[in-house]
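Data first, discussion second: the structure below is written as structure tokens.
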Amino acid sequence: MGDQAPAPEVFVPVLEWPAVPSRPAGLLSSKGAQLKRRDFHRLFLGMGLSPVFAQSVLAQMSAEEGGPPASPETSQRTNVSDAPRTYNQVNQPRKYVSGRKRFSIYWTWSYPWEANRDVAELDNRFSTMTEVRRVAWPRYEKPEWSERAFLQGIAGTLELFHLSLLRFQKMVSEATGNPVAVYQRTDQAGQRLPLNEQVLADTDTLLVFGLDHMITEQEAGAEEVEAVRKFLQREGTCLIIGPHHDVGSSADLQQRDQEYAHHGDPLVPRQQRFGRYTRTLMKGLGVPVENRWGLRPAVVPGTRQIAPLTAMRDLDTRGWLNGVTTFNFHPHLPHYALTSEDDKSVHVLARQPIDLSRPHPFTAAGTREFNAFLWMPPNSTRAGDILLVDLTIFTTLFGGTDSLDRFWNNLATRA
């Protein structure tokens with residue numbers, strides 16, 4: 001399988017509470033939309049624990065995502081405000097207003113099934129918060145991360161994902177004037193919420209985050225596929241599908257080890273396969289794409305900054321990538337493989353260069369980039385757009401750049 005790369009230097013992000021930097025001039029100010037205080041109290045997390053509407057949070061479970069620093073353009077440090085947080089609330093429908101998109105996020109996981117996974121299992125589970133603390137030591141050795149204040153099992157890591165979305169939620173809400181609704185397929189209290197007309201009725205842009213381990217058997221039912229199909233028949237809608245990586249799919253243990261050495265994250269096991277729900281949803285909708293591998297992006301030589309995207313701007317007639325040169329760094333990103341090379345319905349708008357210093361089966365044949373951002377424009381049977389991009393693009397992870405802010409703004413104002 002070739003020589004493996006040496007173990008990387010470990011960097012770990014930390015949740016902190018400093019002031020949020022001001023946003024770049026001209027961004028996220030669509031038609032002067034402003035959120036009133038009461039709007040901050042209307043953001044609910046499905047039927048479960050809700051990070052209602054707070055300031056941004058830097059969070060993630062990867063051991064390396066504190067590595068490549070944010071661009072000098074903006075530090076992206078984030079905080080959590082003192083806004084009241086609610087529990088067991090039902091989302092209040094948002095009224096349609098032309099030009100002000102209503103965003104909804106749908107986590108495809110079963111929170112209980114993921115949180116209750118046997119921690120003695122090596123593969124196909126999230127890290128516990130205790131494991132994160134051990135790998136990150138001593139950065140999480142603060143009272144707010146102790147067993148008295150924060151969940152220490154797998155549930156703690158799942159909550160880091162929720163916290164890491166808050167900056168995106170805040171920026172989109174400022175751009176649209178609408179709070180971002182967040183749902184879970186099955187929440188902390190075991191309440192199941194399939195994608196249905198109730199979820200989609202007050203949604204214009206739906207983000208489906210495929211972070212369910214395949215072993216938990218989450219699948220999009222026929223009724224859900226049909227509900228999304230009808231949703232996309234409405235003018236002005238957009239479906240953003242974000243399945244995460246598929247690491248270690250091979251039965252060859254040496255290949256799994258090579259994949260592990262390539263991404264270099266000690267908190268990701270030799271096999272971690274995500275996205276059964278999004279795969280079944282894409283199949284039902286006729287989206288000829290599959291998430292494969294977990295690839296480490298290249299960086300600018302001599303720096304820790306992620307290498308620029310290879311953008312096909314001539315195909316980007318909608319302007320999704322206007323002003324966008326990079327996304328953010330994540331050590332194990334999926335390749336969105338086209339399952340039908342003859343299908344002209346999908347435009348690959350951006351590819352990400354791969355770190356070639358670390359051997360990987362995908363690069364062994366000479367491949368140098370992976371598909372990072374895809375677009376299916378409307379057609380004769382579908383009025384809405386379909387986009388594919390990894391869900392971690394919407395988390396704060398270790399930070400971000402003005403380029404990522406512009407991408408978020410484009411989605412909020414062009415979708």
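In the structure tokens, chains take letters A, B, ... by order of appearance, with residues numbered from 1 within each chain and ligands from 1 in the order shown.
Considering only range 338-394 of chain A, backbone DSSP assigns alpha helix (DSSP H) to Pro361, Phe362, Thr363 and Ala364 of chain A.
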Next, the residues of the selection above should be written as a CSV table (one decimal), in the first residue's frame with N, CA and C atoms.
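Contents of out.csv, as written:
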chain,number,residue,atom,x,y,z
A,361,PRO,N,-5.7,5.5,-1.7
A,361,PRO,CA,-6.2,4.8,-2.9
A,361,PRO,C,-6.8,5.7,-4.0
A,362,PHE,N,-7.4,6.7,-3.6
A,362,PHE,CA,-8.1,7.6,-4.6
A,362,PHE,C,-7.0,8.3,-5.5
A,363,THR,N,-5.9,8.7,-4.9
A,363,THR,CA,-4.8,9.4,-5.6
A,363,THR,C,-3.8,8.5,-6.3
A,364,ALA,N,-3.9,7.2,-5.9
A,364,ALA,CA,-2.9,6.2,-6.5
A,364,ALA,C,-2.9,6.1,-8.0
7 Å contact set for Asp123 in chain A, only C-alpha atoms, chain neighbours under 6 positions out, as a PyMOL selection string: chain A and resi 269-272
Long-range neighbours of range 109-116 of chain A as a list of chain:residue names, 8 Å cut-off, only C-alpha atoms, 2 positions minimum in chain: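 Contacts, in chain order: A:Trp107, A:Asp118, A:Arg125, A:Phe126, A:Gly153, A:Ile154, A:Ala155, A:Leu158, A:Gln184, A:Arg185, A:Thr186, A:Asp187, A:Gln188, A:Ala189, A:Gly190, A:Gly210, A:Leu211, A:Asp212, A:His213, A:Thr216, A:Gln218.
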Go ahead and write the selection's residues with N, CA and C atoms as a PDB file, in the first residue's frame.
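Output (part21.pdb):
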ATOM      1  N   TRP A 107     -30.992  17.387  10.392  1.00  0.00           N
ATOM      2  CA  TRP A 107     -29.983  16.391  10.744  1.00  0.00           C
ATOM      3  C   TRP A 107     -30.583  15.006  10.529  1.00  0.00           C
ATOM      4  N   ASP A 118     -22.159   1.658  21.714  1.00  0.00           N
ATOM      5  CA  ASP A 118     -21.218   1.061  22.658  1.00  0.00           C
ATOM      6  C   ASP A 118     -19.837   1.684  22.450  1.00  0.00           C
ATOM      7  N   ARG A 125     -18.709   4.994  15.041  1.00  0.00           N
ATOM      8  CA  ARG A 125     -19.349   5.754  16.118  1.00  0.00           C
ATOM      9  C   ARG A 125     -18.629   7.087  16.260  1.00  0.00           C
ATOM     10  N   PHE A 126     -19.301   8.053  16.887  1.00  0.00           N
ATOM     11  CA  PHE A 126     -18.672   9.324  17.209  1.00  0.00           C
ATOM     12  C   PHE A 126     -17.770   9.162  18.428  1.00  0.00           C
ATOM     13  N   GLY A 153     -20.237  11.949  27.299  1.00  0.00           N
ATOM     14  CA  GLY A 153     -20.301  10.816  26.390  1.00  0.00           C
ATOM     15  C   GLY A 153     -20.390  11.256  24.943  1.00  0.00           C
ATOM     16  N   ILE A 154     -20.881  10.358  24.094  1.00  0.00           N
ATOM     17  CA  ILE A 154     -21.065  10.679  22.683  1.00  0.00           C
ATOM     18  C   ILE A 154     -22.026  11.848  22.507  1.00  0.00           C
ATOM     19  N   ALA A 155     -23.012  11.946  23.390  1.00  0.00           N
ATOM     20  CA  ALA A 155     -23.974  13.052  23.291  1.00  0.00           C
ATOM     21  C   ALA A 155     -23.279  14.410  23.362  1.00  0.00           C
ATOM     22  N   LEU A 158     -22.126  15.224  19.925  1.00  0.00           N
ATOM     23  CA  LEU A 158     -23.238  15.624  19.076  1.00  0.00           C
ATOM     24  C   LEU A 158     -23.649  17.065  19.349  1.00  0.00           C
ATOM     25  N   GLN A 184     -34.170  17.460  13.817  1.00  0.00           N
ATOM     26  CA  GLN A 184     -33.449  16.195  13.856  1.00  0.00           C
ATOM     27  C   GLN A 184     -34.411  15.076  13.459  1.00  0.00           C
ATOM     28  N   ARG A 185     -33.911  14.085  12.750  1.00  0.00           N
ATOM     29  CA  ARG A 185     -34.772  12.970  12.340  1.00  0.00           C
ATOM     30  C   ARG A 185     -35.337  12.264  13.566  1.00  0.00           C
ATOM     31  N   THR A 186     -34.480  11.979  14.542  1.00  0.00           N
ATOM     32  CA  THR A 186     -34.937  11.543  15.860  1.00  0.00           C
ATOM     33  C   THR A 186     -34.144  12.331  16.888  1.00  0.00           C
ATOM     34  N   ASP A 187     -34.835  13.054  17.765  1.00  0.00           N
ATOM     35  CA  ASP A 187     -34.135  13.975  18.665  1.00  0.00           C
ATOM     36  C   ASP A 187     -33.769  13.306  19.984  1.00  0.00           C
ATOM     37  N   GLN A 188     -33.254  14.121  20.910  1.00  0.00           N
ATOM     38  CA  GLN A 188     -32.775  13.608  22.193  1.00  0.00           C
ATOM     39  C   GLN A 188     -33.862  12.899  22.979  1.00  0.00           C
ATOM     40  N   ALA A 189     -35.089  13.349  22.813  1.00  0.00           N
ATOM     41  CA  ALA A 189     -36.203  12.770  23.556  1.00  0.00           C
ATOM     42  C   ALA A 189     -36.845  11.597  22.822  1.00  0.00           C
ATOM     43  N   GLY A 190     -36.231  11.152  21.723  1.00  0.00           N
ATOM     44  CA  GLY A 190     -36.765  10.027  20.981  1.00  0.00           C
ATOM     45  C   GLY A 190     -37.926  10.373  20.071  1.00  0.00           C
ATOM     46  N   GLY A 210     -26.138  14.860   6.154  1.00  0.00           N
ATOM     47  CA  GLY A 210     -26.025  13.410   6.243  1.00  0.00           C
ATOM     48  C   GLY A 210     -24.925  12.968   7.191  1.00  0.00           C
ATOM     49  N   LEU A 211     -25.219  13.016   8.477  1.00  0.00           N
ATOM     50  CA  LEU A 211     -24.234  12.623   9.489  1.00  0.00           C
ATOM     51  C   LEU A 211     -24.744  11.429  10.292  1.00  0.00           C
ATOM     52  N   ASP A 212     -25.552  10.615   9.661  1.00  0.00           N
ATOM     53  CA  ASP A 212     -25.993   9.368  10.284  1.00  0.00           C
ATOM     54  C   ASP A 212     -25.027   8.259   9.890  1.00  0.00           C
ATOM     55  N   HIS A 213     -24.527   7.517  10.884  1.00  0.00           N
ATOM     56  CA  HIS A 213     -23.717   6.349  10.568  1.00  0.00           C
ATOM     57  C   HIS A 213     -24.591   5.319   9.842  1.00  0.00           C
ATOM     58  N   THR A 216     -26.733   2.706  11.595  1.00  0.00           N
ATOM     59  CA  THR A 216     -27.987   3.024  12.291  1.00  0.00           C
ATOM     60  C   THR A 216     -29.212   2.935  11.380  1.00  0.00           C
ATOM     61  N   GLN A 218     -30.684   4.527   8.857  1.00  0.00           N
ATOM     62  CA  GLN A 218     -31.605   5.615   8.521  1.00  0.00           C
ATOM     63  C   GLN A 218     -31.810   5.636   7.010  1.00  0.00           C
TER      64      GLN A 218
END
Residue contacts of Leu195 in chain A (12 Å, only C-alpha atoms) excluding same-chain residues fewer than 3 positions away, as a PDB file with N, CA and C atoms, in the first residue's frame:
ATOM      1  N   GLY A  46     -36.058  21.314  16.259  1.00  0.00           N
ATOM      2  CA  GLY A  46     -37.072  20.277  16.095  1.00  0.00           C
ATOM      3  C   GLY A  46     -37.938  20.192  17.329  1.00  0.00           C
ATOM      4  N   SER A 104     -34.088  25.920   6.524  1.00  0.00           N
ATOM      5  CA  SER A 104     -34.289  24.864   7.515  1.00  0.00           C
ATOM      6  C   SER A 104     -33.146  23.860   7.386  1.00  0.00           C
ATOM      7  N   ILE A 105     -32.659  23.391   8.529  1.00  0.00           N
ATOM      8  CA  ILE A 105     -31.600  22.379   8.581  1.00  0.00           C
ATOM      9  C   ILE A 105     -32.199  21.094   9.122  1.00  0.00           C
ATOM     10  N   TYR A 106     -31.866  19.983   8.469  1.00  0.00           N
ATOM     11  CA  TYR A 106     -32.399  18.678   8.875  1.00  0.00           C
ATOM     12  C   TYR A 106     -31.234  17.726   9.106  1.00  0.00           C
ATOM     13  N   TRP A 107     -30.992  17.387  10.392  1.00  0.00           N
ATOM     14  CA  TRP A 107     -29.983  16.391  10.744  1.00  0.00           C
ATOM     15  C   TRP A 107     -30.583  15.006  10.529  1.00  0.00           C
ATOM     16  N   THR A 108     -29.904  14.165   9.781  1.00  0.00           N
ATOM     17  CA  THR A 108     -30.471  12.873   9.403  1.00  0.00           C
ATOM     18  C   THR A 108     -30.256  11.784  10.456  1.00  0.00           C
ATOM     19  N   TYR A 183     -33.963  20.887  12.656  1.00  0.00           N
ATOM     20  CA  TYR A 183     -34.696  19.672  12.996  1.00  0.00           C
ATOM     21  C   TYR A 183     -33.742  18.480  13.084  1.00  0.00           C
ATOM     22  N   GLN A 184     -34.170  17.460  13.817  1.00  0.00           N
ATOM     23  CA  GLN A 184     -33.449  16.195  13.856  1.00  0.00           C
ATOM     24  C   GLN A 184     -34.411  15.076  13.459  1.00  0.00           C
ATOM     25  N   ARG A 185     -33.911  14.085  12.750  1.00  0.00           N
ATOM     26  CA  ARG A 185     -34.772  12.970  12.340  1.00  0.00           C
ATOM     27  C   ARG A 185     -35.337  12.264  13.566  1.00  0.00           C
ATOM     28  N   THR A 186     -34.480  11.979  14.542  1.00  0.00           N
ATOM     29  CA  THR A 186     -34.937  11.543  15.860  1.00  0.00           C
ATOM     30  C   THR A 186     -34.144  12.331  16.888  1.00  0.00           C
ATOM     31  N   ARG A 192     -39.463  11.253  16.726  1.00  0.00           N
ATOM     32  CA  ARG A 192     -39.072  11.060  15.330  1.00  0.00           C
ATOM     33  C   ARG A 192     -39.791  12.059  14.435  1.00  0.00           C
ATOM     34  N   GLN A 198     -45.182  19.377   6.742  1.00  0.00           N
ATOM     35  CA  GLN A 198     -45.118  20.323   7.853  1.00  0.00           C
ATOM     36  C   GLN A 198     -43.743  20.962   7.954  1.00  0.00           C
ATOM     37  N   VAL A 199     -42.701  20.176   7.768  1.00  0.00           N
ATOM     38  CA  VAL A 199     -41.337  20.707   7.805  1.00  0.00           C
ATOM     39  C   VAL A 199     -41.082  21.605   6.594  1.00  0.00           C
ATOM     40  N   LEU A 200     -41.585  21.197   5.453  1.00  0.00           N
ATOM     41  CA  LEU A 200     -41.238  21.864   4.197  1.00  0.00           C
ATOM     42  C   LEU A 200     -42.141  23.047   3.853  1.00  0.00           C
ATOM     43  N   ALA A 201     -43.303  23.144   4.486  1.00  0.00           N
ATOM     44  CA  ALA A 201     -44.268  24.181   4.111  1.00  0.00           C
ATOM     45  C   ALA A 201     -43.725  25.588   4.311  1.00  0.00           C
ATOM     46  N   THR A 203     -40.454  26.375   4.394  1.00  0.00           N
ATOM     47  CA  THR A 203     -39.041  26.303   4.031  1.00  0.00           C
ATOM     48  C   THR A 203     -38.865  26.638   2.553  1.00  0.00           C
ATOM     49  N   LEU A 206     -33.688  24.066   1.988  1.00  0.00           N
ATOM     50  CA  LEU A 206     -33.575  22.943   2.913  1.00  0.00           C
ATOM     51  C   LEU A 206     -32.173  22.374   2.850  1.00  0.00           C
ATOM     52  N   LEU A 207     -31.499  22.307   4.003  1.00  0.00           N
ATOM     53  CA  LEU A 207     -30.180  21.697   4.100  1.00  0.00           C
ATOM     54  C   LEU A 207     -30.317  20.352   4.798  1.00  0.00           C
ATOM     55  N   VAL A 208     -29.958  19.284   4.122  1.00  0.00           N
ATOM     56  CA  VAL A 208     -30.042  17.936   4.676  1.00  0.00           C
ATOM     57  C   VAL A 208     -28.625  17.481   4.998  1.00  0.00           C
ATOM     58  N   GLU A 219     -33.038   5.590   6.572  1.00  0.00           N
ATOM     59  CA  GLU A 219     -33.350   5.609   5.145  1.00  0.00           C
ATOM     60  C   GLU A 219     -34.524   6.551   4.874  1.00  0.00           C
ATOM     61  N   ALA A 220     -34.447   7.226   3.750  1.00  0.00           N
ATOM     62  CA  ALA A 220     -35.547   8.101   3.347  1.00  0.00           C
ATOM     63  C   ALA A 220     -36.692   7.248   2.817  1.00  0.00           C
ATOM     64  N   GLY A 221     -37.850   7.349   3.453  1.00  0.00           N
ATOM     65  CA  GLY A 221     -39.004   6.584   3.023  1.00  0.00           C
ATOM     66  C   GLY A 221     -39.612   7.155   1.757  1.00  0.00           C
ATOM     67  N   ALA A 222     -40.474   6.377   1.126  1.00  0.00           N
ATOM     68  CA  ALA A 222     -41.114   6.819  -0.112  1.00  0.00           C
ATOM     69  C   ALA A 222     -41.904   8.104   0.092  1.00  0.00           C
ATOM     70  N   GLU A 223     -42.551   8.238   1.265  1.00  0.00           N
ATOM     71  CA  GLU A 223     -43.334   9.450   1.542  1.00  0.00           C
ATOM     72  C   GLU A 223     -42.419  10.670   1.671  1.00  0.00           C
ATOM     73  N   GLU A 224     -41.237  10.470   2.245  1.00  0.00           N
ATOM     74  CA  GLU A 224     -40.293  11.583   2.381  1.00  0.00           C
ATOM     75  C   GLU A 224     -39.754  12.017   1.027  1.00  0.00           C
ATOM     76  N   VAL A 225     -39.396  11.044   0.201  1.00  0.00           N
ATOM     77  CA  VAL A 225     -38.904  11.371  -1.137  1.00  0.00           C
ATOM     78  C   VAL A 225     -39.960  12.146  -1.908  1.00  0.00           C
ATOM     79  N   GLU A 226     -41.204  11.720  -1.807  1.00  0.00           N
ATOM     80  CA  GLU A 226     -42.280  12.400  -2.524  1.00  0.00           C
ATOM     81  C   GLU A 226     -42.507  13.807  -1.972  1.00  0.00           C
ATOM     82  N   ALA A 227     -42.397  13.966  -0.660  1.00  0.00           N
ATOM     83  CA  ALA A 227     -42.560  15.297  -0.061  1.00  0.00           C
ATOM     84  C   ALA A 227     -41.476  16.248  -0.552  1.00  0.00           C
ATOM     85  N   VAL A 228     -40.240  15.769  -0.645  1.00  0.00           N
ATOM     86  CA  VAL A 228     -39.151  16.616  -1.135  1.00  0.00           C
ATOM     87  C   VAL A 228     -39.320  16.899  -2.621  1.00  0.00           C
ATOM     88  N   ARG A 229     -39.805  15.903  -3.361  1.00  0.00           N
ATOM     89  CA  ARG A 229     -40.038  16.110  -4.787  1.00  0.00           C
ATOM     90  C   ARG A 229     -41.074  17.226  -5.007  1.00  0.00           C
ATOM     91  N   LYS A 230     -42.157  17.193  -4.230  1.00  0.00           N
ATOM     92  CA  LYS A 230     -43.176  18.236  -4.335  1.00  0.00           C
ATOM     93  C   LYS A 230     -42.619  19.593  -3.896  1.00  0.00           C
ATOM     94  N   PHE A 231     -41.801  19.596  -2.861  1.00  0.00           N
ATOM     95  CA  PHE A 231     -41.150  20.818  -2.396  1.00  0.00           C
ATOM     96  C   PHE A 231     -40.357  21.460  -3.531  1.00  0.00           C
ATOM     97  N   TYR A 277     -28.991   7.793   4.859  1.00  0.00           N
ATOM     98  CA  TYR A 277     -30.227   8.535   4.596  1.00  0.00           C
ATOM     99  C   TYR A 277     -30.101   9.373   3.324  1.00  0.00           C
ATOM    100  N   THR A 278     -29.012  10.127   3.209  1.00  0.00           N
ATOM    101  CA  THR A 278     -28.868  10.981   2.027  1.00  0.00           C
ATOM    102  C   THR A 278     -28.692  10.154   0.763  1.00  0.00           C
ATOM    103  N   LEU A 281     -32.149   9.157  -0.201  1.00  0.00           N
ATOM    104  CA  LEU A 281     -32.883  10.334  -0.674  1.00  0.00           C
ATOM    105  C   LEU A 281     -32.440  10.695  -2.081  1.00  0.00           C
TER     106      LEU A 281
END
Nearest to Leu388 in chain A, chosen from A:Cys238, A:Leu166, A:Ala365, A:Val119, with only C-alpha atoms counted in the distances: A:Cys238
DSSP strand (DSSP E) selection over range 85-315 of chain A, as a PyMOL selection string: chain A and resi 103-110+181-186+205-210+238-243+246-247+272-273+289-295+310-311
Those same residues, written as a PDB file, in the first residue's frame with C-alpha atoms?
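Once written, out_10.pdb looks like this:
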ATOM      1  CA  PHE A 103     -33.783  28.194   5.747  1.00  0.00           C
ATOM      2  CA  SER A 104     -34.289  24.864   7.515  1.00  0.00           C
ATOM      3  CA  ILE A 105     -31.600  22.379   8.581  1.00  0.00           C
ATOM      4  CA  TYR A 106     -32.399  18.678   8.875  1.00  0.00           C
ATOM      5  CA  TRP A 107     -29.983  16.391  10.744  1.00  0.00           C
ATOM      6  CA  THR A 108     -30.471  12.873   9.403  1.00  0.00           C
ATOM      7  CA  TRP A 109     -29.267  11.059  12.503  1.00  0.00           C
ATOM      8  CA  SER A 110     -31.098   9.266  15.255  1.00  0.00           C
ATOM      9  CA  ALA A 181     -35.179  26.232  11.887  1.00  0.00           C
ATOM     10  CA  VAL A 182     -33.170  23.153  12.929  1.00  0.00           C
ATOM     11  CA  TYR A 183     -34.696  19.672  12.996  1.00  0.00           C
ATOM     12  CA  GLN A 184     -33.449  16.195  13.856  1.00  0.00           C
ATOM     13  CA  ARG A 185     -34.772  12.970  12.340  1.00  0.00           C
ATOM     14  CA  THR A 186     -34.937  11.543  15.860  1.00  0.00           C
ATOM     15  CA  THR A 205     -33.943  26.378   1.323  1.00  0.00           C
ATOM     16  CA  LEU A 206     -33.575  22.943   2.913  1.00  0.00           C
ATOM     17  CA  LEU A 207     -30.180  21.697   4.100  1.00  0.00           C
ATOM     18  CA  VAL A 208     -30.042  17.936   4.676  1.00  0.00           C
ATOM     19  CA  PHE A 209     -26.963  17.060   6.746  1.00  0.00           C
ATOM     20  CA  GLY A 210     -26.025  13.410   6.243  1.00  0.00           C
ATOM     21  CA  CYS A 238     -33.332  24.933  -3.081  1.00  0.00           C
ATOM     22  CA  LEU A 239     -32.257  21.565  -1.668  1.00  0.00           C
ATOM     23  CA  ILE A 240     -28.708  21.410  -0.284  1.00  0.00           C
ATOM     24  CA  ILE A 241     -27.590  17.831   0.385  1.00  0.00           C
ATOM     25  CA  GLY A 242     -24.487  17.394   2.544  1.00  0.00           C
ATOM     26  CA  PRO A 243     -23.470  13.795   3.204  1.00  0.00           C
ATOM     27  CA  ASP A 246     -17.250   7.356   3.838  1.00  0.00           C
ATOM     28  CA  VAL A 247     -13.968   6.203   5.394  1.00  0.00           C
ATOM     29  CA  GLN A 272     -16.572   5.514   9.686  1.00  0.00           C
ATOM     30  CA  ARG A 273     -19.291   5.385   7.064  1.00  0.00           C
ATOM     31  CA  VAL A 289     -24.110  11.229  -6.893  1.00  0.00           C
ATOM     32  CA  GLU A 290     -22.521   9.201  -4.089  1.00  0.00           C
ATOM     33  CA  ASN A 291     -20.310  10.326  -1.196  1.00  0.00           C
ATOM     34  CA  ARG A 292     -17.000   8.430  -1.157  1.00  0.00           C
ATOM     35  CA  TRP A 293     -13.754   8.501   0.819  1.00  0.00           C
ATOM     36  CA  GLY A 294     -12.534  10.983   3.410  1.00  0.00           C
ATOM     37  CA  LEU A 295      -9.867  13.109   1.735  1.00  0.00           C
ATOM     38  CA  THR A 310     -10.617  24.787  -8.796  1.00  0.00           C
ATOM     39  CA  ALA A 311     -13.828  26.518  -9.836  1.00  0.00           C
TER      40      ALA A 311
END
Distance in Å - CA of Arg102 in chain A versus CA of Leu163 in chain A: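 CA of Leu163 in chain A lies 20.2 Å from CA of Arg102 in chain A.
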All residues 6 Å or closer to His263 in chain A, only C-alpha atoms, same chain fewer than 5 positions away omitted, as a count of residues only: 3
Interatomic distance (Å, one decimal) between CA of Arg117 in chain A and CA of Gln152 in chain A: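 For CA of Arg117 in chain A relative to CA of Gln152 in chain A, the distance reads 13.7 Å.
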Separation of CA of Pro288 in chain A from CA of Ala383 in chain A, in Å and rounded to one decimal: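 These atoms are spaced 18.1 Å apart.
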Test item: residues at most 8 Å from Thr395 in chain A, only C-alpha atoms, excluding those fewer than 4 positions along its chain, as a ChimeraX atom specification: /A:59,161,164-168,391
Nearby residues (only C-alpha atoms) at most 7 Å from Phe407 in chain A, same-chain spacing under 4 positions excluded, as JSON, numbers by chain: {"A": [320, 321, 324, 403, 411]}
Create the file for the chosen residues now, containing N, CA and C atoms and written as a short mmCIF file (atom, residue, chain, number, x, y, z; two decimals), in the first residue's frame.
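What ended up in part_25.cif:
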data_model
loop_
_atom_site.label_atom_id
_atom_site.label_comp_id
_atom_site.auth_asym_id
_atom_site.auth_seq_id
_atom_site.Cartn_x
_atom_site.Cartn_y
_atom_site.Cartn_z
N TRP A 320 -23.27 31.08 -7.62
CA TRP A 320 -23.10 30.52 -6.28
C TRP A 320 -21.70 30.80 -5.72
N LEU A 321 -20.71 30.82 -6.61
CA LEU A 321 -19.31 30.97 -6.18
C LEU A 321 -18.76 32.38 -6.42
N VAL A 324 -15.98 33.67 -4.17
CA VAL A 324 -15.57 32.53 -3.33
C VAL A 324 -14.34 31.88 -3.95
N SER A 403 -14.04 34.39 2.42
CA SER A 403 -14.52 33.65 1.26
C SER A 403 -15.68 32.74 1.64
N LEU A 411 -25.66 31.80 -0.88
CA LEU A 411 -26.76 30.86 -0.69
C LEU A 411 -28.00 31.56 -0.15
#
